[in-house]
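So this block is work_36.txt, compact mmCIF, C-alpha atoms and all ligand atoms:
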```txt
# COMPACT_ATOMS: atom_id res chain seq x y z
CA MET A 1053 -91.29 66.22 60.07
CA LEU A 1054 -94.74 65.38 61.39
CA VAL A 1055 -97.25 68.01 62.42
CA VAL A 1056 -99.69 66.61 64.98
CA MET A 1057 -102.93 68.58 65.12
CA GLN A 1058 -104.97 69.05 68.29
CA ARG A 1059 -107.94 66.70 68.69
CA SER A 1060 -110.21 69.71 68.49
CA ALA A 1061 -108.55 71.18 65.37
CA THR A 1062 -111.06 72.33 62.79
CA GLN A 1063 -110.89 71.51 59.07
CA GLU A 1064 -110.16 75.18 58.46
CA GLN A 1065 -107.12 75.05 60.76
CA ILE A 1066 -105.90 71.85 59.05
CA ASP A 1067 -106.30 73.47 55.61
CA HIS A 1068 -104.37 76.51 56.80
CA VAL A 1069 -101.44 74.35 57.97
CA LEU A 1070 -101.51 72.54 54.60
CA SER A 1071 -101.29 75.82 52.71
CA VAL A 1072 -98.42 77.14 54.88
CA ILE A 1073 -96.47 73.92 54.22
CA LYS A 1074 -97.07 74.40 50.51
CA GLU A 1075 -95.92 78.02 50.69
CA MET A 1076 -92.69 76.74 52.27
CA GLY A 1077 -92.10 74.76 49.04
CA LEU A 1078 -92.73 71.42 50.78
CA THR A 1079 -95.23 68.60 50.27
CA ALA A 1080 -97.93 67.98 52.88
CA HIS A 1081 -99.52 64.56 53.38
CA PRO A 1082 -102.63 64.69 55.61
CA LEU A 1083 -102.87 61.48 57.68
CA PRO A 1084 -106.32 61.37 59.31
CA GLY A 1085 -106.30 59.21 62.46
CA ALA A 1086 -108.99 57.85 64.78
CA THR A 1087 -108.70 60.76 67.22
CA ARG A 1088 -106.71 63.45 65.46
CA THR A 1089 -105.14 64.42 62.16
CA ALA A 1090 -101.41 64.44 61.58
CA ILE A 1091 -99.67 65.96 58.57
CA GLY A 1092 -96.49 64.44 57.20
CA ILE A 1093 -94.02 66.75 55.48
CA THR A 1094 -91.68 65.60 52.72
CA GLY A 1095 -89.70 67.35 50.04
CA ASN A 1096 -87.16 68.96 52.38
CA THR A 1097 -83.48 68.33 51.74
CA GLY A 1098 -82.33 69.43 55.21
CA ALA A 1099 -84.10 69.97 58.53
CA VAL A 1100 -87.46 71.76 58.30
CA ASP A 1101 -87.60 75.15 60.04
CA ALA A 1102 -90.48 74.38 62.39
CA GLN A 1103 -90.99 77.88 63.79
CA PRO A 1104 -93.67 79.08 61.32
CA LEU A 1105 -95.67 75.89 61.86
CA SER A 1106 -95.44 75.63 65.64
CA VAL A 1107 -97.39 78.87 66.17
CA LEU A 1108 -100.31 78.06 63.85
CA PRO A 1109 -103.75 77.61 65.45
CA GLY A 1110 -104.72 73.96 65.98
CA VAL A 1111 -101.13 72.64 65.98
CA PHE A 1112 -100.41 70.37 68.96
CA ASP A 1113 -96.87 69.12 68.35
CA LEU A 1114 -94.08 68.86 65.80
CA ILE A 1115 -92.13 65.61 65.62
CA ARG A 1116 -88.90 65.15 63.72
CA VAL A 1117 -88.88 61.85 61.75
CA THR A 1118 -85.42 60.34 62.04
CA LYS A 1119 -85.73 57.46 59.56
CA SER A 1120 -84.91 57.82 55.84
CA TYR A 1121 -88.34 56.40 55.03
CA LYS A 1122 -90.93 58.88 56.22
CA LEU A 1123 -94.51 58.13 55.18
CA THR A 1124 -94.03 54.38 55.66
CA SER A 1125 -92.59 54.83 59.15
CA ARG A 1126 -94.45 54.27 62.38
CA GLU A 1127 -92.92 57.47 63.70
CA MET A 1128 -95.05 59.37 61.21
CA HIS A 1129 -98.13 57.14 61.42
CA PRO A 1130 -98.38 55.33 64.77
CA GLU A 1131 -101.66 53.51 64.00
CA ASP A 1132 -101.67 50.34 61.90
CA THR A 1133 -102.85 50.89 58.34
CA VAL A 1134 -105.82 48.86 57.17
CA VAL A 1135 -105.82 48.04 53.45
CA GLN A 1136 -109.48 47.85 52.54
CA LEU A 1137 -110.59 45.89 49.49
CA PRO A 1138 -114.22 45.42 48.48
CA GLN A 1139 -114.05 41.73 49.45
CA ALA A 1140 -111.72 41.71 52.49
CA ARG A 1141 -109.39 43.78 54.60
CA LEU A 1142 -105.72 43.43 55.42
CA GLY A 1143 -104.68 44.76 58.78
CA PRO A 1144 -104.83 44.25 62.53
CA GLY A 1145 -107.20 41.66 63.96
CA THR A 1146 -107.59 39.72 60.72
CA PHE A 1147 -105.54 37.08 58.92
CA THR A 1148 -106.33 37.08 55.23
CA VAL A 1149 -105.48 34.15 52.99
CA ILE A 1150 -104.91 35.09 49.34
CA ALA A 1151 -104.83 31.90 47.29
CA GLY A 1152 -104.66 30.78 43.69
CA PRO A 1153 -102.42 29.46 40.97
CA CYS A 1154 -99.13 31.05 39.97
CA SER A 1155 -100.55 31.80 36.50
CA VAL A 1156 -103.85 31.97 34.70
CA GLU A 1157 -103.40 28.96 32.38
CA SER A 1158 -106.74 28.87 30.55
CA GLU A 1159 -110.30 30.03 31.06
CA ALA A 1160 -111.49 26.58 32.16
CA MET A 1161 -108.63 26.15 34.61
CA ILE A 1162 -109.02 29.52 36.33
CA MET A 1163 -112.82 29.18 36.54
CA HIS A 1164 -112.53 25.72 38.06
CA THR A 1165 -109.90 26.89 40.55
CA ALA A 1166 -111.86 30.02 41.45
CA GLU A 1167 -115.01 27.98 42.14
CA ALA A 1168 -113.09 25.63 44.43
CA LEU A 1169 -111.54 28.56 46.31
CA ALA A 1170 -114.83 30.42 46.68
CA GLU A 1171 -116.43 27.23 48.08
CA ARG A 1172 -113.71 27.20 50.74
CA GLY A 1173 -114.46 30.77 51.81
CA ILE A 1174 -111.42 32.36 50.15
CA LYS A 1175 -112.16 36.01 49.34
CA LEU A 1176 -109.10 36.99 47.29
CA LEU A 1177 -107.73 35.06 44.33
CA ARG A 1178 -104.14 35.44 43.17
CA ALA A 1179 -103.10 34.55 39.60
CA GLY A 1180 -100.64 36.09 37.20
CA ALA A 1181 -101.58 37.08 33.66
CA PHE A 1182 -98.14 38.64 33.11
CA LYS A 1183 -95.39 36.39 34.47
CA PRO A 1184 -91.78 37.39 35.20
CA ARG A 1185 -89.96 34.15 34.30
CA THR A 1186 -86.25 33.50 34.68
CA SER A 1187 -86.14 31.86 31.25
CA PRO A 1188 -87.51 33.60 28.15
CA TYR A 1189 -88.51 30.12 26.91
CA SER A 1190 -90.81 29.41 29.88
CA PHE A 1191 -94.56 30.12 29.82
CA GLN A 1192 -94.89 33.91 30.06
CA GLY A 1193 -98.58 34.07 30.99
CA LEU A 1194 -101.65 34.74 28.85
CA GLY A 1195 -101.31 38.52 29.11
CA LEU A 1196 -104.43 40.53 28.27
CA GLU A 1197 -106.40 37.36 27.59
CA GLY A 1198 -105.59 36.22 31.16
CA LEU A 1199 -106.86 39.54 32.52
CA LYS A 1200 -110.12 38.97 30.67
CA TYR A 1201 -110.59 35.62 32.42
CA LEU A 1202 -109.77 37.21 35.78
CA HIS A 1203 -112.45 39.80 35.14
CA LYS A 1204 -114.91 36.93 34.54
CA VAL A 1205 -113.81 35.29 37.82
CA ARG A 1206 -114.57 38.51 39.67
CA GLU A 1207 -118.00 38.79 38.05
CA ARG A 1208 -118.98 35.16 38.51
CA PHE A 1209 -117.64 34.36 41.97
CA GLY A 1210 -117.26 37.79 43.61
CA LEU A 1211 -113.62 37.05 44.36
CA GLY A 1212 -111.18 39.95 44.68
CA ILE A 1213 -108.39 39.77 42.11
CA VAL A 1214 -104.70 39.98 43.00
CA THR A 1215 -102.54 40.08 39.89
CA GLU A 1216 -99.13 41.34 38.89
CA LEU A 1217 -98.32 44.52 37.00
CA MET A 1218 -94.95 44.07 35.30
CA ASP A 1219 -94.56 47.16 33.14
CA LEU A 1220 -95.94 50.63 32.46
CA GLU A 1221 -97.41 49.49 29.16
CA HIS A 1222 -100.07 47.39 30.87
CA ALA A 1223 -100.75 49.70 33.81
CA SER A 1224 -104.30 50.70 32.94
CA ALA A 1225 -105.35 47.19 31.84
CA VAL A 1226 -104.15 45.69 35.15
CA GLU A 1227 -105.55 48.59 37.19
CA GLU A 1228 -108.98 47.98 35.71
CA VAL A 1229 -109.16 44.30 36.65
CA ALA A 1230 -107.14 44.07 39.88
CA ASP A 1231 -108.50 44.73 43.36
CA LEU A 1232 -104.93 44.53 44.67
CA ILE A 1233 -102.08 45.26 42.25
CA GLN A 1234 -99.06 43.03 42.77
CA ILE A 1235 -95.58 44.45 42.23
CA GLY A 1236 -93.26 41.46 42.02
CA ALA A 1237 -89.90 40.91 43.66
CA ARG A 1238 -88.01 41.69 40.46
CA ASN A 1239 -89.71 45.06 40.15
CA MET A 1240 -89.41 46.16 43.78
CA GLN A 1241 -86.93 48.83 42.75
CA ASN A 1242 -88.52 49.73 39.41
CA TYR A 1243 -89.07 53.32 40.43
CA SER A 1244 -91.08 54.43 37.41
CA LEU A 1245 -93.50 51.54 38.02
CA LEU A 1246 -93.69 52.42 41.72
CA ARG A 1247 -94.44 56.07 40.90
CA LYS A 1248 -97.15 54.90 38.51
CA VAL A 1249 -98.97 52.76 41.09
CA GLY A 1250 -98.50 55.59 43.58
CA GLN A 1251 -100.92 57.60 41.45
CA MET A 1252 -103.48 54.82 41.19
CA LYS A 1253 -106.65 54.45 43.19
CA LYS A 1254 -106.20 50.70 43.68
CA PRO A 1255 -104.30 49.14 46.64
CA VAL A 1256 -100.83 47.76 45.98
CA MET A 1257 -99.05 44.64 47.23
CA LEU A 1258 -95.29 45.23 47.15
CA LYS A 1259 -93.24 42.04 47.26
CA ARG A 1260 -89.79 42.15 48.81
CA GLY A 1261 -86.92 42.24 46.31
CA LEU A 1262 -84.76 39.16 45.82
CA SER A 1263 -82.05 40.54 48.10
CA ALA A 1264 -83.60 43.69 49.50
CA THR A 1265 -82.88 44.93 53.00
CA LEU A 1266 -85.71 46.14 55.19
CA GLU A 1267 -84.71 49.74 54.52
CA GLU A 1268 -84.59 49.29 50.72
CA TRP A 1269 -88.02 47.68 50.87
CA LEU A 1270 -89.58 50.47 52.91
CA MET A 1271 -87.92 53.06 50.67
CA ALA A 1272 -89.56 51.33 47.69
CA ALA A 1273 -92.93 51.51 49.47
CA GLU A 1274 -92.19 55.18 50.17
CA TYR A 1275 -92.32 55.83 46.41
CA VAL A 1276 -95.90 54.56 46.34
CA LEU A 1277 -97.04 56.42 49.44
CA SER A 1278 -95.36 59.66 48.37
CA GLY A 1279 -97.44 59.56 45.18
CA GLY A 1280 -100.56 59.68 47.36
CA ASN A 1281 -101.44 55.98 47.51
CA PHE A 1282 -101.33 54.89 51.17
CA GLN A 1283 -103.08 51.56 50.52
CA VAL A 1284 -99.96 49.40 50.45
CA VAL A 1285 -99.42 45.90 51.81
CA LEU A 1286 -95.93 44.39 51.99
CA CYS A 1287 -95.29 40.75 51.11
CA GLU A 1288 -92.27 38.79 52.38
CA ARG A 1289 -91.41 36.11 49.78
CA GLY A 1290 -87.98 34.97 50.81
CA VAL A 1291 -84.55 36.27 49.89
CA ARG A 1292 -81.44 34.83 48.28
CA THR A 1293 -78.96 33.35 50.75
CA PHE A 1294 -76.24 30.66 50.73
CA ALA A 1295 -78.84 28.11 51.85
CA ASP A 1296 -79.88 25.84 48.99
CA HIS A 1297 -82.28 23.43 50.71
CA THR A 1298 -85.10 25.80 49.78
CA ARG A 1299 -85.65 28.04 46.73
CA ASN A 1300 -85.32 31.18 48.85
CA THR A 1301 -84.87 31.76 52.57
CA LEU A 1302 -88.18 32.86 54.07
CA ASP A 1303 -87.23 35.67 56.43
CA LEU A 1304 -89.98 35.53 59.03
CA SER A 1305 -88.06 37.73 61.43
CA ILE A 1306 -88.75 40.64 59.11
CA VAL A 1307 -92.43 40.45 60.14
CA PRO A 1308 -91.94 41.78 63.70
CA SER A 1309 -89.20 44.11 62.41
CA ILE A 1310 -91.60 45.67 59.91
CA LYS A 1311 -94.35 45.84 62.53
CA LYS A 1312 -92.04 47.80 64.80
CA LEU A 1313 -90.84 50.28 62.18
CA SER A 1314 -93.82 50.63 59.84
CA HIS A 1315 -97.60 50.89 60.03
CA LEU A 1316 -98.13 48.97 56.77
CA PRO A 1317 -99.67 45.48 56.86
CA ILE A 1318 -97.35 42.63 55.93
CA ILE A 1319 -98.29 39.24 54.54
CA VAL A 1320 -96.07 36.22 53.88
CA ASP A 1321 -95.67 34.09 50.75
CA PRO A 1322 -94.47 30.67 51.90
CA SER A 1323 -94.75 29.32 48.32
CA HIS A 1324 -91.98 31.42 46.74
CA GLY A 1325 -90.34 31.62 50.16
CA THR A 1326 -89.60 27.89 50.21
CA GLY A 1327 -90.20 26.63 46.66
CA LYS A 1328 -91.45 23.33 48.10
CA ARG A 1329 -95.09 22.52 48.63
CA ASP A 1330 -94.48 20.39 51.71
CA TYR A 1331 -93.08 23.39 53.54
CA VAL A 1332 -95.97 25.72 52.77
CA ILE A 1333 -98.19 24.60 55.66
CA PRO A 1334 -95.53 24.75 58.42
CA MET A 1335 -94.21 28.12 57.23
CA GLY A 1336 -97.73 29.46 56.74
CA LEU A 1337 -98.55 28.60 60.35
CA ALA A 1338 -95.26 30.12 61.48
CA ALA A 1339 -96.10 33.33 59.60
CA MET A 1340 -99.38 33.59 61.48
CA ALA A 1341 -97.59 33.05 64.78
CA ALA A 1342 -94.97 35.66 63.82
CA GLY A 1343 -97.64 38.33 63.54
CA ALA A 1344 -98.23 38.52 59.79
CA ASP A 1345 -101.53 39.90 58.51
CA GLY A 1346 -102.09 37.09 56.05
CA LEU A 1347 -100.67 34.72 53.47
CA LEU A 1348 -100.19 34.63 49.72
CA VAL A 1349 -100.32 30.96 48.75
CA GLU A 1350 -100.03 29.22 45.40
CA VAL A 1351 -102.78 26.64 45.01
CA HIS A 1352 -103.37 24.52 41.91
CA PRO A 1353 -106.01 21.83 41.28
CA HIS A 1354 -103.28 19.65 39.72
CA PRO A 1355 -99.94 21.00 40.97
CA ASP A 1356 -97.89 18.52 38.97
CA ARG A 1357 -99.42 19.81 35.76
CA ALA A 1358 -98.99 23.52 36.54
CA LEU A 1359 -97.41 25.65 33.80
CA SER A 1360 -95.42 27.59 36.40
CA ASP A 1361 -94.30 27.00 40.00
CA GLY A 1362 -95.94 23.56 40.32
CA ALA A 1363 -93.33 22.32 42.81
CA GLN A 1364 -94.36 24.94 45.33
CA SER A 1365 -98.10 24.90 44.62
CA ILE A 1366 -100.29 23.10 47.13
CA SER A 1367 -103.29 21.01 46.10
CA LEU A 1368 -106.87 21.74 47.19
CA PRO A 1369 -106.78 19.04 49.93
CA GLN A 1370 -103.54 20.61 51.19
CA LEU A 1371 -105.27 24.02 51.21
CA ASP A 1372 -108.06 22.48 53.32
CA LEU A 1373 -105.46 21.23 55.77
CA LEU A 1374 -103.74 24.63 55.90
CA LEU A 1375 -107.04 26.42 56.53
CA SER A 1376 -108.10 24.00 59.25
CA LYS A 1377 -104.76 24.38 61.03
CA LEU A 1378 -104.87 28.19 60.75
CA LYS A 1379 -108.41 28.07 62.13
CA ARG A 1380 -107.14 26.32 65.25
CA LEU A 1381 -104.60 29.10 65.82
CA GLU A 1382 -106.86 32.10 65.19
CA GLY A 1383 -108.51 32.01 68.66
CA PRO A 1384 -105.31 31.85 70.73
CA LEU A 1385 -103.76 34.56 68.54
CA GLU A 1386 -106.91 36.72 68.71
CA LEU A 1387 -107.24 36.90 64.93
CA LYS A 1388 -110.10 36.42 62.57
CA LEU A 1389 -109.30 34.14 59.65
CA VAL A 1390 -110.56 35.55 56.33
C1 LIG B 1401 -95.59 35.28 41.93
O1 LIG B 1401 -96.20 35.70 42.93
O2 LIG B 1401 -96.03 34.40 41.19
C2 LIG B 1401 -94.23 35.81 41.68
C3 LIG B 1401 -93.72 35.84 40.45
O3 LIG B 1401 -93.62 36.20 42.80
P1 LIG B 1401 -92.20 36.92 43.07
O4 LIG B 1401 -92.28 38.26 42.42
O5 LIG B 1401 -92.16 37.00 44.58
O6 LIG B 1401 -91.12 36.04 42.53
MN MN B 1402 -95.28 31.91 41.15
```
What would the structure in this file look like if it were written as structure tokens?
Ligand code: PEP
Ligand code: MN
Amino acid sequence: MLVVMQRSATQEQIDHVLSVIKEMGLTAHPLPGATRTAIGITGNTGAVDAQPLSVLPGVFDLIRVTKSYKLTSREMHPEDTVVQLPQARLGPGTFTVIAGPCSVESEAMIMHTAEALAERGIKLLRAGAFKPRTSPYSFQGLGLEGLKYLHKVRERFGLGIVTELMDLEHASAVEEVADLIQIGARNMQNYSLLRKVGQMKKPVMLKRGLSATLEEWLMAAEYVLSGGNFQVVLCERGVRTFADHTRNTLDLSIVPSIKKLSHLPIIVDPSHGTGKRDYVIPMGLAAMAAGADGLLVEVHPHPDRALSDGAQSISLPQLDLLLSKLKRLEGPLELKLV
């Protein structure tokens, strides 16, 4: 259920509605909008008895939300959400490129990469300190030491840090360093982790699970929003299909589907989505054309020497090419490349 307040509703009237919802044993989520406030209601097992709410002063309308996901749905929140980071924003009108290596490999390597990215106008650097690897024998990331280097990157180059949180144990260490906390595909349905980031003050990037449907993905995001953290960006990174010419099948049609059903920004990861560096530029351009709010791209100064995901990492000259091609599309698509 969504309670839409009148444009002229006072803060006192809004507070009164919030307290009545609480008295009904339900949870109220105030959703301030550009012109009026709406209040989402969750916690009900059946239909909400709207009568006591409909007569309260300042209430304009009551709307039943039909989808199983509530707070993530456009029904409940018609305006697009903007995820605001200190260095950049993710949302309508902009196309934000998040770039960087799969993993932090050493201090020298991440500093060198960060400098090259900052020189190219990139505002947000991605790099994993904790890596979810298929094999326990593969490089697992530098862990806390990697976070320390990412902190230095932030200090030295002013880049926003996007890095993965894999488990509850490292929640506060990652929260401290990250500007955008990445929840990886393998953890999309790790509900205790989702509840944890739902309580955090930092924005969250939720990657799509390896074989998650749109509804499962939005339900996962619902865990974060229902904890009070509305700063969530979705990231399509390909799903498992029968097709084996690429590592995963990048599902670009989920971009307009998400846009229709949810207010959350969605970015696309053509690196994990294809697994092949030669496909990153075409699929990155296609993501922009499909209406995505940005890209997450793996970039490495020496892709063939990368300790993880080298095959899908683009080189710096390839990043230059990607950026120049995106730049040519931003005007016709009425976007601003960030
Ligand atoms: C990554 O971004 O490096 C990563 C591990 O991604 P995913 O969770 O999508 O596999
Ligand atoms: Mn990777």
task = Could you give me the residues within 8 Å of ligand MN 1402 (chain B), counting all atoms listed in the file, as a PyMOL selection string?
result = chain A and resi 1153-1155+1180+1323-1324+1350+1360-1361
key: ligand LIG 1401 (chain B) neighbours within 10 Å using only C-alpha atoms and all ligand atoms, as a PyMOL selection string   = chain A and resi 1152-1155+1178-1186+1214-1216+1218+1234-1240+1258-1262+1287-1291+1300+1321-1325+1348-1350+1360-1361
request  = Quick one: pull the distance between atom CA of A:Glu1207 and atom CA of A:His1354, Å, one decimal.
outcome  = 24.2 Å
task = Can you work out the spacing between atom CA of A:His1068 and atom CA of A:Gly1110 in Å, to one decimal?
result = 9.5 Å
Draw an axis-aligned box over all listed atoms of stretch 1202-1209 of chain A, pad each side with 8 Å, and write its centre and edge lengths in Å, one decimal, as lines of an AutoDock Vina configuration file.
```
center_x = -114.4
center_y = 37.1
center_z = 38.3
size_x = 25.2
size_y = 21.4
size_z = 23.4
```
inquiry  = Using all atoms listed in the file, can you tell me which of A:Glu1131, A:Met1335, A:Ser1060, A:Thr1124 comes closest to A:Gly1143?
reply    = A:Glu1131
Residues near A:Ala1358, cut-off 12 Å, all atoms listed in the file, skip fewer than 3 positions along chain, as a list of chain:residue names =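 The filter keeps A:Gly1152, A:Pro1153, A:Cys1154, A:Ser1155, A:Val1156, A:Glu1157, A:Ser1158, A:Met1161, A:Ile1162, A:Phe1191, A:Gly1193, A:Glu1350, A:Val1351, A:His1352, A:Pro1353, A:His1354, A:Pro1355, A:Asp1361, A:Gly1362, A:Ala1363, A:Gln1364, A:Ser1365, A:Ile1366, A:Ser1367.
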key: Interatomic distance (Å, one decimal) between atom CA of A:Val1069 and atom CA of A:Met1271   =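 We find that atom CA of A:Val1069 and atom CA of A:Met1271 lie 26.3 Å from each other.
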Sorted by chain and rising residue number, list the residues of stretch 1279-1373 of chain A at most 12 Å from stretch 1242-1253 of chain A (counting only C-alpha atoms), each with its closest atom pair and distance in Å to one decimal, as CSV.
```
residue,atom,partner,partner_atom,distance
A:Gly1279,CA,A:Gly1250,CA,4.4
A:Gly1280,CA,A:Gly1250,CA,5.9
A:Asn1281,CA,A:Gly1250,CA,4.9
A:Phe1282,CA,A:Gly1250,CA,8.1
A:Gln1283,CA,A:Lys1253,CA,8.7
A:Val1284,CA,A:Gly1250,CA,9.4
```
message = Calculated over all atoms listed in the file, which of the candidates A:Leu1266, A:Val1205, A:Ile1174, A:Ala1090 has the smallest distance to A:Leu1347?
response = A:Ile1174
message = I'd like to know which of A:Leu1169, A:Gln1063, A:Arg1292, A:Ala1339 is closest to A:Ser1305, using all atoms listed in the file.
response = A:Ala1339
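Residue nearest A:Gln1241 within the list A:Val1285, A:Ile1093, A:Met1340, A:Ala1264: A:Ala1264 [criterion: smallest interatomic distance, only C-alpha atoms].
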task = Give me the residues within 12 Å of stretch 1112-1119 of chain A as an MDAnalysis selection string, counting all atoms listed in the file and dropping any in the same chain fewer than 3 places off.
result = chainID A and resid 1053:1061 1065:1066 1069 1088:1094 1096 1098:1109 1122:1130 1267 1270:1271 1274 1313:1314
query = Which one is closest to A:Pro1144: A:Gly1346, A:Gly1095, A:Ala1080, A:Leu1381? Count all atoms listed in the file.
reply =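 Looking only at the distances to A:Pro1144, the closest residue turns out to be A:Gly1346.
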